[in-house]
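With TSV, C-alpha atoms inside, this is entry-v5.tsv:
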chain	number	residue	atom	x	y	z
A	12	MET	CA	-197.41	190.16	-78.56
A	13	THR	CA	-195.29	191.65	-75.77
A	14	ARG	CA	-195.00	188.23	-74.16
A	15	ARG	CA	-193.79	186.69	-77.47
A	16	LEU	CA	-191.17	189.42	-77.89
A	17	ALA	CA	-189.99	188.91	-74.32
A	18	SER	CA	-189.78	185.15	-74.90
A	19	LEU	CA	-187.86	185.66	-78.14
A	20	ALA	CA	-185.46	188.08	-76.43
A	21	LEU	CA	-184.85	185.54	-73.65
A	22	VAL	CA	-184.11	182.78	-76.19
A	23	VAL	CA	-181.67	185.06	-78.05
A	24	LEU	CA	-179.93	186.07	-74.81
A	25	VAL	CA	-179.57	182.48	-73.58
A	26	GLY	CA	-178.42	181.28	-77.00
A	27	GLY	CA	-175.95	184.17	-77.24
A	28	ALA	CA	-174.51	183.39	-73.81
A	29	THR	CA	-174.02	179.77	-74.81
A	30	ALA	CA	-172.31	180.69	-78.07
A	31	CYS	CA	-170.08	183.31	-76.42
A	32	GLY	CA	-168.09	181.01	-74.21
A	33	ALA	CA	-170.45	179.69	-71.57
A	34	PRO	CA	-168.85	176.80	-69.67
A	35	GLY	CA	-168.82	173.52	-71.53
A	36	THR	CA	-169.18	169.94	-70.42
A	37	GLU	CA	-166.25	168.54	-68.45
A	38	SER	CA	-165.56	164.85	-67.86
A	39	GLY	CA	-162.81	162.80	-66.28
A	40	PHE	CA	-161.82	159.16	-66.80
A	41	ALA	CA	-159.20	156.95	-65.18
A	42	THR	CA	-158.41	155.02	-68.37
A	43	ARG	CA	-158.86	155.29	-72.15
A	44	PRO	CA	-161.23	152.29	-72.29
A	45	GLU	CA	-163.39	153.94	-69.61
A	46	ALA	CA	-163.54	157.14	-71.69
A	47	GLY	CA	-164.88	155.31	-74.73
A	48	THR	CA	-166.24	157.68	-77.36
A	49	ALA	CA	-166.05	160.70	-75.04
A	50	VAL	CA	-162.51	161.31	-76.34
A	51	PRO	CA	-161.21	161.22	-79.94
A	52	ALA	CA	-160.49	157.77	-81.39
A	53	TRP	CA	-156.80	158.64	-81.96
A	54	VAL	CA	-156.07	158.84	-78.20
A	55	PRO	CA	-153.84	155.81	-77.45
A	56	ALA	CA	-155.32	152.88	-75.51
A	57	PRO	CA	-152.73	153.12	-72.67
A	58	ALA	CA	-153.72	156.76	-71.91
A	59	THR	CA	-154.71	157.38	-68.28
A	60	GLU	CA	-156.02	160.26	-66.14
A	61	LEU	CA	-158.03	161.74	-69.00
A	62	ARG	CA	-159.82	165.08	-68.60
A	63	ILE	CA	-161.86	166.62	-71.39
A	64	LEU	CA	-163.88	169.78	-71.69
A	65	THR	CA	-166.14	170.19	-74.71
A	66	GLU	CA	-167.73	173.43	-75.74
A	67	GLY	CA	-171.21	173.61	-77.18
A	68	GLU	CA	-172.16	172.75	-80.72
A	69	GLY	CA	-169.00	174.09	-82.40
A	70	GLY	CA	-166.97	170.99	-81.63
A	71	ALA	CA	-164.20	172.72	-79.68
A	72	TYR	CA	-162.53	170.60	-77.02
A	73	TRP	CA	-159.56	170.54	-74.64
A	74	LEU	CA	-158.12	167.23	-73.53
A	75	ARG	CA	-155.39	166.25	-71.08
A	76	PHE	CA	-154.08	162.76	-70.48
A	77	ARG	CA	-151.00	160.88	-69.37
A	78	MET	CA	-149.29	158.47	-71.68
A	79	PRO	CA	-146.28	156.14	-71.44
A	80	ALA	CA	-143.25	157.51	-73.32
A	81	SER	CA	-143.19	154.31	-75.39
A	82	GLU	CA	-146.48	155.39	-77.04
A	83	ARG	CA	-145.24	158.80	-78.17
A	84	PRO	CA	-143.51	157.77	-81.44
A	85	ALA	CA	-146.68	156.12	-82.78
A	86	LEU	CA	-148.77	159.21	-81.99
A	87	GLU	CA	-146.11	161.58	-83.38
A	88	ALA	CA	-146.25	159.68	-86.68
A	89	GLU	CA	-149.79	161.04	-87.10
A	90	LEU	CA	-148.73	164.64	-86.41
A	91	LEU	CA	-146.79	167.51	-87.95
A	92	ARG	CA	-144.24	169.28	-85.74
A	93	ILE	CA	-144.67	173.03	-85.23
A	94	PRO	CA	-141.26	174.69	-84.67
A	95	ASP	CA	-140.84	176.42	-81.28
A	96	GLY	CA	-140.36	179.79	-82.98
A	97	GLN	CA	-143.74	179.45	-84.66
A	98	VAL	CA	-145.45	178.15	-81.49
A	99	ALA	CA	-144.34	181.30	-79.69
A	100	THR	CA	-146.25	183.42	-82.23
A	101	LEU	CA	-149.52	181.47	-82.11
A	102	THR	CA	-152.52	182.36	-79.97
A	103	PHE	CA	-154.22	179.46	-78.20
A	104	ARG	CA	-157.51	179.81	-76.35
A	105	ALA	CA	-157.53	178.12	-72.94
A	106	PRO	CA	-160.68	176.46	-71.65
A	107	LYS	CA	-162.66	178.52	-69.16
A	108	GLY	CA	-162.62	177.23	-65.60
A	109	ALA	CA	-160.34	174.23	-66.22
A	110	ASP	CA	-157.65	174.37	-63.52
A	111	TRP	CA	-156.09	171.21	-65.00
A	112	TRP	CA	-155.17	172.85	-68.31
A	113	PHE	CA	-151.61	173.61	-69.39
A	114	ARG	CA	-150.32	176.80	-67.79
A	115	GLY	CA	-147.36	178.59	-69.30
A	116	LEU	CA	-147.09	176.85	-72.67
A	117	VAL	CA	-145.17	179.86	-73.90
A	118	GLN	CA	-143.30	182.07	-71.45
A	119	VAL	CA	-141.60	185.30	-72.43
A	120	VAL	CA	-138.18	185.97	-70.89
A	121	PRO	CA	-137.83	189.78	-71.08
A	122	ALA	CA	-134.15	189.90	-70.04
A	123	ARG	CA	-133.22	187.72	-73.01
A	124	GLU	CA	-135.97	189.05	-75.31
A	125	THR	CA	-136.95	185.52	-76.14
A	126	SER	CA	-139.71	183.01	-75.54
A	127	VAL	CA	-139.46	179.61	-73.91
A	128	VAL	CA	-141.84	176.88	-75.06
A	129	ALA	CA	-142.58	174.25	-72.39
A	130	ALA	CA	-143.89	171.54	-74.73
A	131	ASP	CA	-143.31	169.94	-78.10
A	132	VAL	CA	-146.31	171.14	-80.13
A	133	PHE	CA	-147.76	169.42	-83.18
A	134	SER	CA	-150.82	169.68	-85.39
A	135	GLY	CA	-152.78	166.80	-86.83
A	136	ALA	CA	-151.51	165.52	-90.18
A	137	GLY	CA	-155.03	164.73	-91.34
A	138	ARG	CA	-154.86	160.95	-91.32
A	139	THR	CA	-155.84	159.79	-87.83
A	140	VAL	CA	-155.57	163.19	-86.11
A	141	PRO	CA	-157.53	165.97	-87.89
A	142	PRO	CA	-155.54	168.95	-89.26
A	143	ARG	CA	-157.04	171.59	-86.92
A	144	THR	CA	-156.18	169.56	-83.84
A	145	PHE	CA	-153.14	170.54	-81.77
A	146	VAL	CA	-151.22	168.13	-79.55
A	147	ALA	CA	-148.60	169.25	-77.02
A	148	PHE	CA	-146.24	166.88	-75.21
A	149	ASP	CA	-145.19	168.48	-71.92
A	150	ARG	CA	-141.38	168.46	-71.79
A	151	ALA	CA	-141.33	168.05	-67.99
A	152	SER	CA	-143.74	165.11	-67.62
A	153	ASP	CA	-145.66	162.37	-69.40
A	154	THR	CA	-148.69	164.65	-69.81
A	155	VAL	CA	-150.19	165.29	-73.24
A	156	TYR	CA	-152.53	168.16	-74.05
A	157	ALA	CA	-154.75	168.27	-77.13
A	158	TRP	CA	-157.23	170.83	-78.34
A	159	SER	CA	-159.30	171.73	-81.34
A	160	ALA	CA	-161.20	174.91	-82.09
A	161	GLY	CA	-163.88	172.82	-83.74
A	162	ARG	CA	-165.60	173.83	-86.93

Spit out the file's structure as structure tokens when you get a sec.
Amino acid sequence: MTRRLASLALVVLVGGATACGAPGTESGFATRPEAGTAVPAWVPAPATELRILTEGEGGAYWLRFRMPASERPALEAELLRIPDGQVATLTFRAPKGADWWFRGLVQVVPARETSVVAADVFSGAGRTVPPRTFVAFDRASDTVYAWSAGR
């Protein structure tokens, strides 16, 4: 009986640690074709330098890739723009342990009492890109960041 209770407690503790933000699975791919089904189907074929971190069973993921500027209009057509003022009020969870993730998406400038947003941020329109998926186009490079909180 004591052994069963100890085993049950261990299962609950391990399961709880996994559900409470234990590190997920991280993968990297040189090209979109190489990534295959490891990344969402809406990621454009010319995407390169893909990094993805997925978290457990909830379906949350964080994705970074590079994409030629010529591909951006087609992807934007599947998205809804979030105004900078609204982006500055949102809370986004960064992936644990991913040093490749976007740093400083929103920066507060105390002297001007304002916020500076370093990317054009969109949400999925629900056709190709699901509604609870966010996509950010870095304003200083050809890097695209995408994330979804999952279910």

Rank nothing, just name the residue among A:Ala160, A:Met78, A:Leu101, A:Ile93 nearest to A:Pro55, using all atoms listed in the file.
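Comparing A:Ala160, A:Met78, A:Leu101, A:Ile93 against A:Pro55, the winner is A:Met78.
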
Quick one: of A:Val128, A:Ala58, A:Ala49, A:Ala109, who's nearest to A:Glu82, counting all atoms listed in the file?
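That would be A:Ala58, the residue with the smallest distance to A:Glu82.
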
Nearest residue to A:Pro51 from the set A:Trp158, A:Phe103, A:Trp111, A:Phe148 (distances using all atoms listed in the file):
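Nearest to A:Pro51: A:Trp158.
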
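With only C-alpha atoms as the atoms that count, the residue of A:Gly47, A:Gly39, A:Pro79, A:Pro142 with the shortest distance to A:Glu60 is A:Gly39.
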
Suppose you want the space between atom CA of A:Ala46 and atom CA of A:Ala157; what is it in Å?
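That distance, rounded to one decimal, is 15.2 Å.
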
Contacts of stretch 129-132 of chain A within 6 Å, only C-alpha atoms, excl. fewer than 5 positions in-chain, as an NGL selection string:
:A and (93 or 116 or 146-150)

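Residue nearest A:Arg138 within the list A:Gln97, A:Glu37, A:Leu90, A:Gly67: A:Leu90 [criterion: smallest interatomic distance, only C-alpha atoms].
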
Residues around (-165.9, 167.7, -68.4), cut-off 10 Å, counting all atoms listed in the file - what are they as a PDB file with C-alpha atoms, keeping the file's coordinate frame?
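Result saved to part19.pdb:
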ATOM      1  CA  PRO A  34    -168.850 176.800 -69.670  1.00  0.00           C
ATOM      2  CA  GLY A  35    -168.820 173.520 -71.530  1.00  0.00           C
ATOM      3  CA  THR A  36    -169.180 169.940 -70.420  1.00  0.00           C
ATOM      4  CA  GLU A  37    -166.250 168.540 -68.450  1.00  0.00           C
ATOM      5  CA  SER A  38    -165.560 164.850 -67.860  1.00  0.00           C
ATOM      6  CA  GLY A  39    -162.810 162.800 -66.280  1.00  0.00           C
ATOM      7  CA  PHE A  40    -161.820 159.160 -66.800  1.00  0.00           C
ATOM      8  CA  ALA A  49    -166.050 160.700 -75.040  1.00  0.00           C
ATOM      9  CA  LEU A  61    -158.030 161.740 -69.000  1.00  0.00           C
ATOM     10  CA  ARG A  62    -159.820 165.080 -68.600  1.00  0.00           C
ATOM     11  CA  ILE A  63    -161.860 166.620 -71.390  1.00  0.00           C
ATOM     12  CA  LEU A  64    -163.880 169.780 -71.690  1.00  0.00           C
ATOM     13  CA  THR A  65    -166.140 170.190 -74.710  1.00  0.00           C
ATOM     14  CA  GLU A  66    -167.730 173.430 -75.740  1.00  0.00           C
ATOM     15  CA  TYR A  72    -162.530 170.600 -77.020  1.00  0.00           C
ATOM     16  CA  TRP A  73    -159.560 170.540 -74.640  1.00  0.00           C
ATOM     17  CA  LEU A  74    -158.120 167.230 -73.530  1.00  0.00           C
ATOM     18  CA  ALA A 109    -160.340 174.230 -66.220  1.00  0.00           C
TER      19      ALA A 109
END

Find the residues around A:Gly137 up to 12 Å (all atoms listed in the file counted), leave out those fewer than 5 positions away in its own chain, and share them as a PyMOL selection string.
chain A and resi 53+88-91+142-145

Quick one: everything within 8 Å of A:Trp112, counting only C-alpha atoms, minus sequence neighbours fewer than 3 positions away in the same chain. Send it as a PyMOL selection string.
chain A and resi 75+105-106+109+156

Nearest to A:Val140: which of A:Thr100, A:Phe113, A:Ser159, A:Glu45 is it, counting all atoms listed in the file?
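For A:Val140, the nearest of the given residues is A:Ser159.
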